[in-house]
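*Asks:* Have a look at this one.
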Amino acid sequence: MQNTKIEYSSSERTPVVLPEMEQLLPPLSGEQFSALESDILENGCYAPVIVNEDMTVIDGHNRLRICEKHGLPYKMLVFSFADLLEAKQWVLDTQKGRRNLDKWELGQIALKLKPEIEARAKANQGTRTDLSVNSSKSYPPTDTRKEMAKAVGIGEQAMGRISQLAENAPQSLKNALENKELSINRGWRILKAVQQLPPEERESAAAEMLSAVREIDRSDAEAERRGKIAGLFCKAYEKAVLLTPTEENVRIWTECTRMTQEEIEDSVQESYELAKTFQTIGDLLKNAVSCVHQWPDALSDQGQT
């Protein structure tokens with residue numbers, strides 16, 4: 001890859017959009033596209049669209065679409081690539097961090113690169129064979145899965161599982177992966193389970209397993225939420241019990257933290273609000289003790305002693 005430093009304006013040349021380049025990366029969300037559109041409308045298209053020497057758009061399809069939609073001018077910067085695979089690899093390396101792509105999305109990109117990776121490997125293998133006609137030295141075939149994993153920066157095992165899921169998973173399972181509702185490992189385990197069934201039963205079985213997984217996730221999320229709430233209350237009381245609100249201690253606090261008059265006044269108001277918070281907690285706990293049936297789970301141990 002080389003930046004030729006050649007630049008064209010949209011009034012000088014017309015770029016060519018190649019579907020396989022435009023569709024290489026997942027599309028922007030509606031929110032992301034709207035944010036980009038608002039920025040360009042306000043500030044102009046200050047980042048150039050990247051094209052190759054044939055004027056094929058390599059990077060900047062969304063900027064190009066927005067500019068053409070609103071009749072705005074834009075610049076094109078020409079980069080030179082050895083082939084389209086190198087161009088795709090450059091786009092991926094450039095955009096991967098910005099887009100925050102997960103493993104499933106990266107794996108889908110790798111599968112799009114697979115034909116070109118295989119073609120390059122075949123060409124390289126042929127070159128090696130030609131150069132070593134009179135040599136006994138042999139070269140192992142290229143590990144396509146390894147090359148695909150390397151191209152997008154994920155592990156070989158993950159790449160293998162993504163390939164199996166993309167090829168064999170029921171549609172409901174693929175949809176869950178696309179919507180980020182399921183991890184690759186979970187999806188792969190479900191796939192292994194449904195593959196033991198007759199083909200006509202796999203889709204319904206996968207949907208049933210997905211429903212169970214979602215229920216488990218909801219239950220885990222609720223347990224986590226409840227745990228966080230309980231933790232906050234425990235920490236609040238643990239910290240509060242350490243305080244000894246004497247005049248001397250309060251004075252030391254204000255002096256050591258170098259509180260301004262305004263900060264002291266704010267702390268007064270915050271202290272009264274915190275007092276109300278603890279008062280409310282105390283009232284609720286008192287009410288719970290007098291009406292045990294309201295929170296039977298929380299007070300069951302106390303009731304048995």
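Each chain in the structure tokens gets a letter, A, B, ..., in the order shown, and its residues are numbered from 1; ligands are numbered from 1 in order too.
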For Arg145 in chain A, list every protein, DNA or RNA residue within 10 Å, evaluated using only C-alpha atoms, and leave out those in the same chain fewer than 5 positions away; present the list as a PyMOL selection string.
*Replies:* chain A and resi 110-111+114+117-118+150-151+155-160+163
*Asks:* List the neighbours of range 207-216 of chain A out to 12 Å using only C-alpha atoms; skip same-chain residues closer than 6 positions along the sequence, and give me the result as a PyMOL selection string.
*Replies:* chain A and resi 169-177+180-183+186-187+189-194+201+222-223
*Asks:* List every residue of range 70-127 of chain A that has an atom at most 10 Å from any atom of range 28-51 of chain A, and for each one report the closest atom pair and its distance in Å to one decimal, counting only C-alpha atoms, with rows sorted by chain and then by increasing residue number, as a tab-separated table.
*Replies:*
residue	atom	partner	partner_atom	distance
A:His70	CA	A:Leu41	CA	8.4
A:Leu72	CA	A:Gly44	CA	7.7
A:Pro73	CA	A:Cys45	CA	7.5
A:Tyr74	CA	A:Cys45	CA	5.8
A:Lys75	CA	A:Pro48	CA	4.8
A:Met76	CA	A:Val49	CA	4.7
A:Leu77	CA	A:Ile50	CA	5.0
A:Val78	CA	A:Val51	CA	5.0
A:Phe79	CA	A:Val51	CA	6.1
A:Ser80	CA	A:Val51	CA	8.5
A:Phe81	CA	A:Val51	CA	9.9
A:Ala87	CA	A:Val51	CA	9.6
A:Val91	CA	A:Ile50	CA	9.7
A:Arg99	CA	A:Leu28	CA	8.5
*Asks:* Could you pull the residues within 7 Å of Thr56 in chain A, counting only C-alpha atoms, minus those fewer than 2 positions along the same chain, as a short mmCIF file (atom, residue, chain, number, x, y, z; two decimals) with N, CA and C atoms, in the first residue's frame?
*Replies:*
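Now in out30.cif:
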data_model
loop_
_atom_site.label_atom_id
_atom_site.label_comp_id
_atom_site.auth_asym_id
_atom_site.auth_seq_id
_atom_site.Cartn_x
_atom_site.Cartn_y
_atom_site.Cartn_z
N PRO A 15 -15.83 8.81 -8.86
CA PRO A 15 -15.39 7.54 -8.29
C PRO A 15 -16.31 6.39 -8.68
N VAL A 16 -15.78 5.17 -8.55
CA VAL A 16 -16.54 3.96 -8.86
C VAL A 16 -16.79 3.21 -7.56
N VAL A 17 -18.03 2.86 -7.30
CA VAL A 17 -18.38 2.11 -6.09
C VAL A 17 -18.49 0.63 -6.44
N LEU A 18 -17.68 -0.17 -5.79
CA LEU A 18 -17.67 -1.62 -5.98
C LEU A 18 -18.43 -2.25 -4.82
N VAL A 51 -9.52 6.34 -2.73
CA VAL A 51 -9.75 5.56 -3.96
C VAL A 51 -8.44 4.91 -4.39
N ASN A 52 -8.54 3.88 -5.23
CA ASN A 52 -7.31 3.31 -5.80
C ASN A 52 -7.03 3.96 -7.14
N ASP A 54 -7.64 3.00 -10.02
CA ASP A 54 -8.75 2.84 -10.97
C ASP A 54 -9.96 3.67 -10.57
N ILE A 58 -12.23 2.87 -1.94
CA ILE A 58 -11.69 1.89 -1.00
C ILE A 58 -12.24 2.16 0.41
#
*Asks:* Skipping near chain neighbours, those fewer than 4 positions away, what residues fall within 8 Å of Arg161 in chain A using only C-alpha atoms, listed as an MDAnalysis selection string?
*Replies:* chainID A and resid 157 165 184:185 188
*Asks:* Find the residue from A:Ala288, A:Leu197, A:Ala240, A:Met55 that sits nearest to Ser9 in chain A; use only C-alpha atoms when measuring.
*Replies:*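 Smallest separation from Ser9 in chain A among the options: A:Met55.
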*Asks:* Among range 79-214 of chain A, which residues does DSSP mark as alpha helix (DSSP H) when it is run on the backbone? Keep the chain and numbering as in the structure and answer as a PyMOL selection string.
*Replies:* chain A and resi 84-99+103-131+144-152+156-168+171-178+184-194+199-214
*Asks:* Out of range 6-237 of chain A, which residues get strand (DSSP E or B) from DSSP, as a list in words?
*Replies:* Ile6, Glu7, Tyr8, Ser9, Val16, Val49, Ile50, Val51, Thr56, Val57, Ile58, Asp59, Lys75, Met76, Leu77, Val78, Phe79 and Ser80 of chain A
*Asks:* What gap, in Å, lies between CA of Ile264 in chain A and CA of Thr244 in chain A?
*Replies:* 17.9 Å
*Asks:* What's around Ile109 in chain A at 7 Å? Count only C-alpha atoms, leave out sequence neighbours fewer than 3 positions away in its own chain, and write the answer as JSON, numbers by chain.
*Replies:* {"A": [24, 25, 105, 106, 112, 113]}
*Asks:* What is the CA of Lys103 in chain A to CA of Ala149 in chain A distance in Å?
*Replies:*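 Spanning CA of Lys103 in chain A to CA of Ala149 in chain A is a straight-line distance of 10.1 Å.
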*Asks:* A:Ile6, A:Met1, A:Ile154, A:Ala121: which is nearest Asp83 in chain A, counting only C-alpha atoms?
*Replies:*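 Counting only C-alpha atoms, the residue closest to Asp83 in chain A is A:Met1.
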*Asks:* Given only C-alpha atoms as the basis, pick out the residue of A:Phe233, A:Thr4, A:Arg120, A:Thr257 nearest to Ile281 in chain A.
*Replies:*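 Result for the nearest residue to Ile281 in chain A: A:Phe233.
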